[in-house]
Amino acid sequence: MTQPQQNPEVSLVPDRPVPQHIGIIMDGNGRWAKARGLPRQAGHRAGTKNIRRVLEEAVRLGIKVLTVYAFSTENWGRPQEEVKHLMWLISKSIQDELDELDANGVQIRHSGRMAGVNPQLQKDIRWAIERTRHNDRIILNVAFNYGGRAEIVDAVRHIIEDQVPPEEVDEALISSYLYTAGLPDPDLIIRTGGEYRLSNFLTWQAAYAEYYATPVFWPDFDEAELRRAVAVYQGRERRFGLVK
Ligand code: FPP
């Protein structure tokens with residue numbers, strides 16, 4: 001796929017709100033690597049590095065929550081070597097980045113199932129969450145071993161376990177049982193890599209999100225690309241099912 005020209009001169013629309021919460025489907029790592037004659041793993045490494053660049057720009061823009069789709073419940077079906085490498089990358093990122101994320105006021109959250117994840121990695125994730133829980137500059141919510149349908153299944157199981165009476169089940173109650181409990185719903189979902197699918201990402205939460213898709217591969221999605229997506233969002237009219 002031809003990659004578009006990148007333009008650093010993208011500015012936001014003045015006097016229009018920026019999204020509070022952005023979700024990103026970080027697609028195109030493999031194709032980014034292939035285009036450079038590199039192995040797919042190099043694409044995932046470049047994609048991991050890119051999270052920091054986009055997170056820093058999100059802080060500058062005043063965005064309060066960034067949810068990144070790092071590993072879906074379906075991604076276990078990828079070749080074993082690739083799955084192993086992605087697990088290693090996540091664990092290494094926690095080791096290498098946690099001090100700086102914490103020092104910069106980033107709160108880490110996790111959305112996804114812990115069951116099935118290597119016990120040491122589970123411990124590392126819990127530690128990262130615990131250590132950063134009082135930070136409030138931005139929330140980096142990592143969707144890891146995440147599936148939107150699995151999340152709803154888990155929520156329903158917990159609601160039943162808690163013996164919630166049926167008449168008390170409403171949208172707010174369901175939201176409070178999701179992995180994202182307490183977070184605002186995403187205002188904007190960005191998908192890089194040129195495809196137009198939600199891929200089981202924030203299935204419940206994205207009901208009224210604006211959607212932005214770009215052909216740019218995730219490792220190339222830089223500060224200007226984020227500003228471009230936010231500027232497009234600012235130009236949209238959100239009606240939430242109402243008339244203007
Ligand atoms: C999609 O690219 C990307 C993924 C399945 C994984 C994204 C994961 C990271 C960027 C690393 C996450 C790390 C941390 C620390 C949160 P693809 O492999 O589907 O690309 P392709 O469509 O070009 O093959």
# chains A, B, ... in the order shown; residues from 1 in each chain; ligands from 1

$ residues_near_ligand --ligand "ligand 1" --cutoff "6 Å" --atoms "only C-alpha atoms and all ligand atoms" --output "PDB file with C-alpha atoms, in the first residue's frame"
ATOM      1  CA  MET A  26      -2.198  -0.075  16.252  1.00  0.00           C
ATOM      2  CA  ASP A  27      -2.205  -1.969  12.965  1.00  0.00           C
ATOM      3  CA  GLY A  28       0.456  -2.315  10.290  1.00  0.00           C
ATOM      4  CA  ASN A  29       3.586  -3.267  12.230  1.00  0.00           C
ATOM      5  CA  GLY A  30       4.139  -6.350  10.069  1.00  0.00           C
ATOM      6  CA  ARG A  31       3.693  -4.479   6.800  1.00  0.00           C
ATOM      7  CA  HIS A  44       6.483  -4.784  16.674  1.00  0.00           C
ATOM      8  CA  GLY A  47       5.441  -0.104  17.125  1.00  0.00           C
ATOM      9  CA  THR A  48       6.230  -0.359  20.821  1.00  0.00           C
ATOM     10  CA  ALA A  70      -1.640  -4.277  22.371  1.00  0.00           C
ATOM     11  CA  PHE A  71      -2.845  -7.893  22.190  1.00  0.00           C
ATOM     12  CA  LEU A  89       8.060  -6.888  24.404  1.00  0.00           C
ATOM     13  CA  ILE A  90       5.317  -6.076  26.877  1.00  0.00           C
ATOM     14  CA  SER A  93       8.529  -2.333  28.158  1.00  0.00           C
ATOM     15  CA  VAL A 142      -3.238  -1.117  27.790  1.00  0.00           C
TER      16      VAL A 142
END

$ residues_around --residues "A:Pro184" --least-positions-apart "5" --cutoff "9 Å" --atoms "only C-alpha atoms" --output "list of chain:residue names"
A:Gln20, A:His21, A:Val65, A:Gln205

$ select_by_dssp --residues "stretch 13-147 of chain A" --states "helix (DSSP H, G or I)" --output "ChimeraX atom specification"
/A:29-35,40-61,73-77,80-103,119-132

$ closest_residue --among "A:Gly77, A:Pro14, A:Pro219, A:Gly112" --to "A:Asn141" --atoms "only C-alpha atoms"
A:Gly112

$ residues_around --residues "A:Val83" --least-positions-apart "4" --cutoff "12 Å" --atoms "only C-alpha atoms" --output "PyMOL selection string"
chain A and resi 40-41+44+70-79+87-90+117-118+145

$ write_last_selection --atoms "N, CA, C and O atoms" --output "PDB file, in the first residue's frame"
ATOM      1  N   ARG A  40       9.022  -9.407  10.996  1.00  0.00           N
ATOM      2  CA  ARG A  40       7.835  -8.819  11.649  1.00  0.00           C
ATOM      3  C   ARG A  40       8.149  -8.319  13.057  1.00  0.00           C
ATOM      4  O   ARG A  40       7.616  -7.308  13.505  1.00  0.00           O
ATOM      5  N   GLN A  41       9.035  -9.035  13.725  1.00  0.00           N
ATOM      6  CA  GLN A  41       9.371  -8.649  15.104  1.00  0.00           C
ATOM      7  C   GLN A  41       9.922  -7.218  15.164  1.00  0.00           C
ATOM      8  O   GLN A  41       9.670  -6.488  16.122  1.00  0.00           O
ATOM      9  N   HIS A  44       7.089  -4.893  15.342  1.00  0.00           N
ATOM     10  CA  HIS A  44       6.483  -4.784  16.674  1.00  0.00           C
ATOM     11  C   HIS A  44       7.364  -3.956  17.609  1.00  0.00           C
ATOM     12  O   HIS A  44       6.860  -3.219  18.450  1.00  0.00           O
ATOM     13  N   ALA A  70      -2.960  -3.653  22.456  1.00  0.00           N
ATOM     14  CA  ALA A  70      -1.640  -4.277  22.371  1.00  0.00           C
ATOM     15  C   ALA A  70      -1.709  -5.756  21.987  1.00  0.00           C
ATOM     16  O   ALA A  70      -0.819  -6.261  21.322  1.00  0.00           O
ATOM     17  N   PHE A  71      -2.761  -6.449  22.464  1.00  0.00           N
ATOM     18  CA  PHE A  71      -2.845  -7.893  22.190  1.00  0.00           C
ATOM     19  C   PHE A  71      -4.282  -8.325  22.409  1.00  0.00           C
ATOM     20  O   PHE A  71      -4.836  -8.135  23.490  1.00  0.00           O
ATOM     21  N   SER A  72      -4.869  -8.902  21.366  1.00  0.00           N
ATOM     22  CA  SER A  72      -6.274  -9.284  21.488  1.00  0.00           C
ATOM     23  C   SER A  72      -6.379 -10.756  21.874  1.00  0.00           C
ATOM     24  O   SER A  72      -5.418 -11.530  21.717  1.00  0.00           O
ATOM     25  N   THR A  73      -7.567 -11.137  22.342  1.00  0.00           N
ATOM     26  CA  THR A  73      -7.784 -12.544  22.699  1.00  0.00           C
ATOM     27  C   THR A  73      -7.606 -13.430  21.457  1.00  0.00           C
ATOM     28  O   THR A  73      -7.297 -14.606  21.576  1.00  0.00           O
ATOM     29  N   GLU A  74      -7.775 -12.849  20.276  1.00  0.00           N
ATOM     30  CA  GLU A  74      -7.607 -13.607  19.035  1.00  0.00           C
ATOM     31  C   GLU A  74      -6.130 -13.745  18.639  1.00  0.00           C
ATOM     32  O   GLU A  74      -5.757 -14.643  17.884  1.00  0.00           O
ATOM     33  N   ASN A  75      -5.272 -12.834  19.149  1.00  0.00           N
ATOM     34  CA  ASN A  75      -3.863 -12.846  18.736  1.00  0.00           C
ATOM     35  C   ASN A  75      -3.089 -14.087  19.199  1.00  0.00           C
ATOM     36  O   ASN A  75      -2.009 -14.374  18.687  1.00  0.00           O
ATOM     37  N   TRP A  76      -3.667 -14.878  20.145  1.00  0.00           N
ATOM     38  CA  TRP A  76      -3.000 -16.128  20.543  1.00  0.00           C
ATOM     39  C   TRP A  76      -2.858 -17.063  19.350  1.00  0.00           C
ATOM     40  O   TRP A  76      -2.003 -17.953  19.369  1.00  0.00           O
ATOM     41  N   GLY A  77      -3.693 -16.875  18.341  1.00  0.00           N
ATOM     42  CA  GLY A  77      -3.657 -17.747  17.162  1.00  0.00           C
ATOM     43  C   GLY A  77      -2.525 -17.419  16.201  1.00  0.00           C
ATOM     44  O   GLY A  77      -2.339 -18.101  15.197  1.00  0.00           O
ATOM     45  N   ARG A  78      -1.753 -16.389  16.463  1.00  0.00           N
ATOM     46  CA  ARG A  78      -0.604 -16.056  15.602  1.00  0.00           C
ATOM     47  C   ARG A  78       0.508 -17.087  15.824  1.00  0.00           C
ATOM     48  O   ARG A  78       0.499 -17.813  16.827  1.00  0.00           O
ATOM     49  N   PRO A  79       1.502 -17.135  14.907  1.00  0.00           N
ATOM     50  CA  PRO A  79       2.595 -18.104  15.109  1.00  0.00           C
ATOM     51  C   PRO A  79       3.205 -17.948  16.508  1.00  0.00           C
ATOM     52  O   PRO A  79       3.332 -16.828  17.011  1.00  0.00           O
ATOM     53  N   MET A  87       4.795 -11.007  23.927  1.00  0.00           N
ATOM     54  CA  MET A  87       4.781 -11.108  25.409  1.00  0.00           C
ATOM     55  C   MET A  87       6.082 -10.533  25.976  1.00  0.00           C
ATOM     56  O   MET A  87       6.088  -9.805  26.962  1.00  0.00           O
ATOM     57  N   TRP A  88       7.172 -10.884  25.338  1.00  0.00           N
ATOM     58  CA  TRP A  88       8.487 -10.412  25.798  1.00  0.00           C
ATOM     59  C   TRP A  88       8.563  -8.887  25.708  1.00  0.00           C
ATOM     60  O   TRP A  88       9.061  -8.218  26.621  1.00  0.00           O
ATOM     61  N   LEU A  89       8.028  -8.338  24.600  1.00  0.00           N
ATOM     62  CA  LEU A  89       8.060  -6.888  24.404  1.00  0.00           C
ATOM     63  C   LEU A  89       7.279  -6.165  25.500  1.00  0.00           C
ATOM     64  O   LEU A  89       7.709  -5.122  26.001  1.00  0.00           O
ATOM     65  N   ILE A  90       6.137  -6.728  25.858  1.00  0.00           N
ATOM     66  CA  ILE A  90       5.317  -6.076  26.877  1.00  0.00           C
ATOM     67  C   ILE A  90       6.036  -6.121  28.217  1.00  0.00           C
ATOM     68  O   ILE A  90       6.144  -5.112  28.916  1.00  0.00           O
ATOM     69  N   VAL A 117      -2.447 -15.542  31.019  1.00  0.00           N
ATOM     70  CA  VAL A 117      -1.210 -14.772  30.862  1.00  0.00           C
ATOM     71  C   VAL A 117      -0.158 -15.361  31.815  1.00  0.00           C
ATOM     72  O   VAL A 117      -0.479 -15.766  32.931  1.00  0.00           O
ATOM     73  N   ASN A 118       1.068 -15.421  31.346  1.00  0.00           N
ATOM     74  CA  ASN A 118       2.178 -15.915  32.156  1.00  0.00           C
ATOM     75  C   ASN A 118       2.176 -15.269  33.562  1.00  0.00           C
ATOM     76  O   ASN A 118       2.059 -14.053  33.665  1.00  0.00           O
ATOM     77  N   ASN A 145      -4.519  -8.973  26.078  1.00  0.00           N
ATOM     78  CA  ASN A 145      -5.382 -10.152  26.181  1.00  0.00           C
ATOM     79  C   ASN A 145      -6.829  -9.657  26.313  1.00  0.00           C
ATOM     80  O   ASN A 145      -7.580 -10.071  27.171  1.00  0.00           O
TER      81      ASN A 145
END

$ atom_distance --atom1 "atom CA of A:Ile63" --atom2 "atom CA of A:Ser199"
23.5 Å

$ residues_around --residues "A:Trp204" --least-positions-apart "3" --cutoff "9 Å" --atoms "only C-alpha atoms" --output "mmCIF file with C-alpha atoms, in the first residue's frame"
data_model
loop_
_atom_site.group_PDB
_atom_site.id
_atom_site.type_symbol
_atom_site.label_atom_id
_atom_site.label_comp_id
_atom_site.auth_asym_id
_atom_site.auth_seq_id
_atom_site.Cartn_x
_atom_site.Cartn_y
_atom_site.Cartn_z
ATOM 1 C CA GLY A 148 -14.703 -6.736 23.598
ATOM 2 C CA ARG A 149 -17.028 -9.741 23.634
ATOM 3 C CA GLU A 151 -15.176 -8.395 28.368
ATOM 4 C CA ILE A 152 -18.977 -8.434 28.194
ATOM 5 C CA SER A 175 -20.265 -0.197 32.318
ATOM 6 C CA LEU A 178 -16.306 -3.754 32.411
ATOM 7 C CA ASP A 185 -16.084 6.096 26.993
ATOM 8 C CA PHE A 201 -12.006 -3.403 20.369
ATOM 9 C CA ALA A 207 -20.988 2.845 20.764
#

$ residues_around --residues "A:Val13" --least-positions-apart "2" --cutoff "8 Å" --atoms "only C-alpha atoms" --output "MDAnalysis selection string"
chainID A and resid 11 15:16 231 234:235

$ closest_residue --among "A:Lys84, A:Lys244, A:His110, A:Arg236" --to "A:Leu66" --atoms "only C-alpha atoms"
A:His110

$ atom_distance --atom1 "atom CA of A:Ala143" --atom2 "atom CA of A:Arg238"
25.5 Å

$ residues_around --residues "A:Arg109" --least-positions-apart "2" --cutoff "10 Å" --atoms "only C-alpha atoms" --output "list in words"
Val65, Leu66, Thr67, Val106, Gln107, Ser111, Gly112, Ile125, Arg126, Ala128, Ile129, Glu130, Thr132, Arg133, Ile139, Leu140, Asn141, Val142, Ala143, Tyr179 and Thr180 of chain A

$ select_by_dssp --residues "stretch 5-173 of chain A" --states "strand (DSSP E)" --output "list of chain:residue names"
A:His21, A:Ile22, A:Gly23, A:Ile24, A:Ile25, A:Val65, A:Leu66, A:Thr67, A:Val68, A:Tyr69, A:Ala70, A:Phe71, A:Ser72, A:Val106, A:Gln107, A:Ile108, A:Arg109, A:His110, A:Ser111, A:Ile138, A:Ile139, A:Leu140, A:Asn141, A:Val142, A:Ala143, A:Phe144, A:Asn145, A:Tyr146

$ atom_distance --atom1 "atom CA of A:Met114" --atom2 "atom CA of A:Pro166"
27.6 Å

$ decode --residues "stretch 16-31 of chain A" --atoms "all heavy atoms" --output "compact mmCIF listing (two decimals), in the first residue's frame"
# COMPACT_ATOMS: atom_id res chain seq x y z
N ARG A 16 -12.43 24.20 19.81
CA ARG A 16 -13.22 22.97 19.73
C ARG A 16 -12.56 21.97 20.69
O ARG A 16 -11.33 21.88 20.72
CB ARG A 16 -13.22 22.38 18.31
CG ARG A 16 -13.89 23.27 17.28
CD ARG A 16 -15.38 23.10 17.27
NE ARG A 16 -15.79 21.81 16.74
CZ ARG A 16 -17.06 21.40 16.69
NH1 ARG A 16 -18.02 22.17 17.16
NH2 ARG A 16 -17.36 20.23 16.20
N PRO A 17 -13.37 21.23 21.46
CA PRO A 17 -12.76 20.33 22.44
C PRO A 17 -11.94 19.22 21.79
O PRO A 17 -12.27 18.76 20.69
CB PRO A 17 -13.95 19.75 23.20
CG PRO A 17 -15.15 20.02 22.36
CD PRO A 17 -14.84 21.18 21.49
N VAL A 18 -10.88 18.82 22.48
CA VAL A 18 -10.15 17.63 22.04
C VAL A 18 -10.83 16.43 22.68
O VAL A 18 -11.52 16.58 23.69
CB VAL A 18 -8.64 17.69 22.45
CG1 VAL A 18 -7.92 18.84 21.79
CG2 VAL A 18 -8.47 17.71 23.96
N PRO A 19 -10.64 15.26 22.12
CA PRO A 19 -11.25 14.09 22.78
C PRO A 19 -10.62 13.87 24.15
O PRO A 19 -9.44 14.10 24.34
CB PRO A 19 -10.91 12.92 21.84
CG PRO A 19 -9.90 13.43 20.86
CD PRO A 19 -9.93 14.92 20.89
N GLN A 20 -11.46 13.44 25.08
CA GLN A 20 -10.94 13.10 26.42
C GLN A 20 -10.23 11.76 26.37
O GLN A 20 -9.23 11.55 27.01
CB GLN A 20 -12.14 12.91 27.35
CG GLN A 20 -12.39 14.00 28.36
CD GLN A 20 -13.26 13.43 29.48
OE1 GLN A 20 -14.36 12.92 29.24
NE2 GLN A 20 -12.76 13.48 30.69
N HIS A 21 -10.83 10.85 25.63
CA HIS A 21 -10.33 9.46 25.59
C HIS A 21 -10.19 9.03 24.14
O HIS A 21 -11.15 9.10 23.37
CB HIS A 21 -11.33 8.56 26.34
CG HIS A 21 -10.95 7.11 26.38
ND1 HIS A 21 -11.69 6.18 27.07
CD2 HIS A 21 -9.92 6.40 25.82
CE1 HIS A 21 -11.13 4.98 26.94
NE2 HIS A 21 -10.06 5.09 26.17
N ILE A 22 -9.00 8.60 23.78
CA ILE A 22 -8.74 8.08 22.42
C ILE A 22 -8.36 6.60 22.53
O ILE A 22 -7.52 6.24 23.36
CB ILE A 22 -7.59 8.85 21.72
CG1 ILE A 22 -7.95 10.34 21.58
CG2 ILE A 22 -7.27 8.25 20.36
CD1 ILE A 22 -6.88 11.16 20.85
N GLY A 23 -8.96 5.78 21.71
CA GLY A 23 -8.56 4.37 21.60
C GLY A 23 -7.82 4.18 20.28
O GLY A 23 -8.24 4.74 19.26
N ILE A 24 -6.75 3.41 20.31
CA ILE A 24 -5.99 3.22 19.07
C ILE A 24 -5.81 1.73 18.75
O ILE A 24 -5.32 0.95 19.58
CB ILE A 24 -4.59 3.87 19.13
CG1 ILE A 24 -4.70 5.35 19.53
CG2 ILE A 24 -3.89 3.75 17.78
CD1 ILE A 24 -3.38 6.11 19.48
N ILE A 25 -6.20 1.36 17.53
CA ILE A 25 -5.92 0.03 17.01
C ILE A 25 -4.63 0.17 16.21
O ILE A 25 -4.62 0.76 15.11
CB ILE A 25 -7.09 -0.48 16.12
CG1 ILE A 25 -8.40 -0.49 16.94
CG2 ILE A 25 -6.76 -1.86 15.55
CD1 ILE A 25 -9.65 -0.75 16.10
N MET A 26 -3.53 -0.35 16.79
CA MET A 26 -2.20 -0.07 16.25
C MET A 26 -1.86 -1.12 15.19
O MET A 26 -1.13 -2.06 15.44
CB MET A 26 -1.18 -0.14 17.39
CG MET A 26 -1.55 0.71 18.60
SD MET A 26 -0.32 0.60 19.94
CE MET A 26 -0.59 -1.05 20.56
N ASP A 27 -2.39 -0.94 13.99
CA ASP A 27 -2.21 -1.97 12.97
C ASP A 27 -1.12 -1.56 11.97
O ASP A 27 -0.89 -0.38 11.75
CB ASP A 27 -3.55 -2.19 12.25
CG ASP A 27 -3.61 -3.55 11.58
OD1 ASP A 27 -2.67 -4.36 11.75
OD2 ASP A 27 -4.60 -3.81 10.87
N GLY A 28 -0.50 -2.57 11.37
CA GLY A 28 0.46 -2.31 10.29
C GLY A 28 1.92 -2.50 10.66
O GLY A 28 2.80 -2.20 9.86
N ASN A 29 2.18 -3.03 11.85
CA ASN A 29 3.59 -3.27 12.23
C ASN A 29 4.27 -4.24 11.27
O ASN A 29 5.42 -4.03 10.88
CB ASN A 29 3.67 -3.88 13.64
CG ASN A 29 3.22 -2.92 14.72
OD1 ASN A 29 3.12 -1.73 14.49
ND2 ASN A 29 2.96 -3.45 15.90
N GLY A 30 3.55 -5.32 10.94
CA GLY A 30 4.14 -6.35 10.07
C GLY A 30 4.43 -5.79 8.69
O GLY A 30 5.52 -6.01 8.12
N ARG A 31 3.49 -5.04 8.15
CA ARG A 31 3.69 -4.48 6.80
C ARG A 31 4.76 -3.41 6.80
O ARG A 31 5.52 -3.26 5.85
CB ARG A 31 2.36 -3.95 6.25
CG ARG A 31 1.45 -5.08 5.75
CD ARG A 31 0.04 -4.63 5.56
NE ARG A 31 -0.62 -4.42 6.84
CZ ARG A 31 -1.69 -3.68 7.02
NH1 ARG A 31 -2.22 -3.04 5.99
NH2 ARG A 31 -2.24 -3.56 8.20
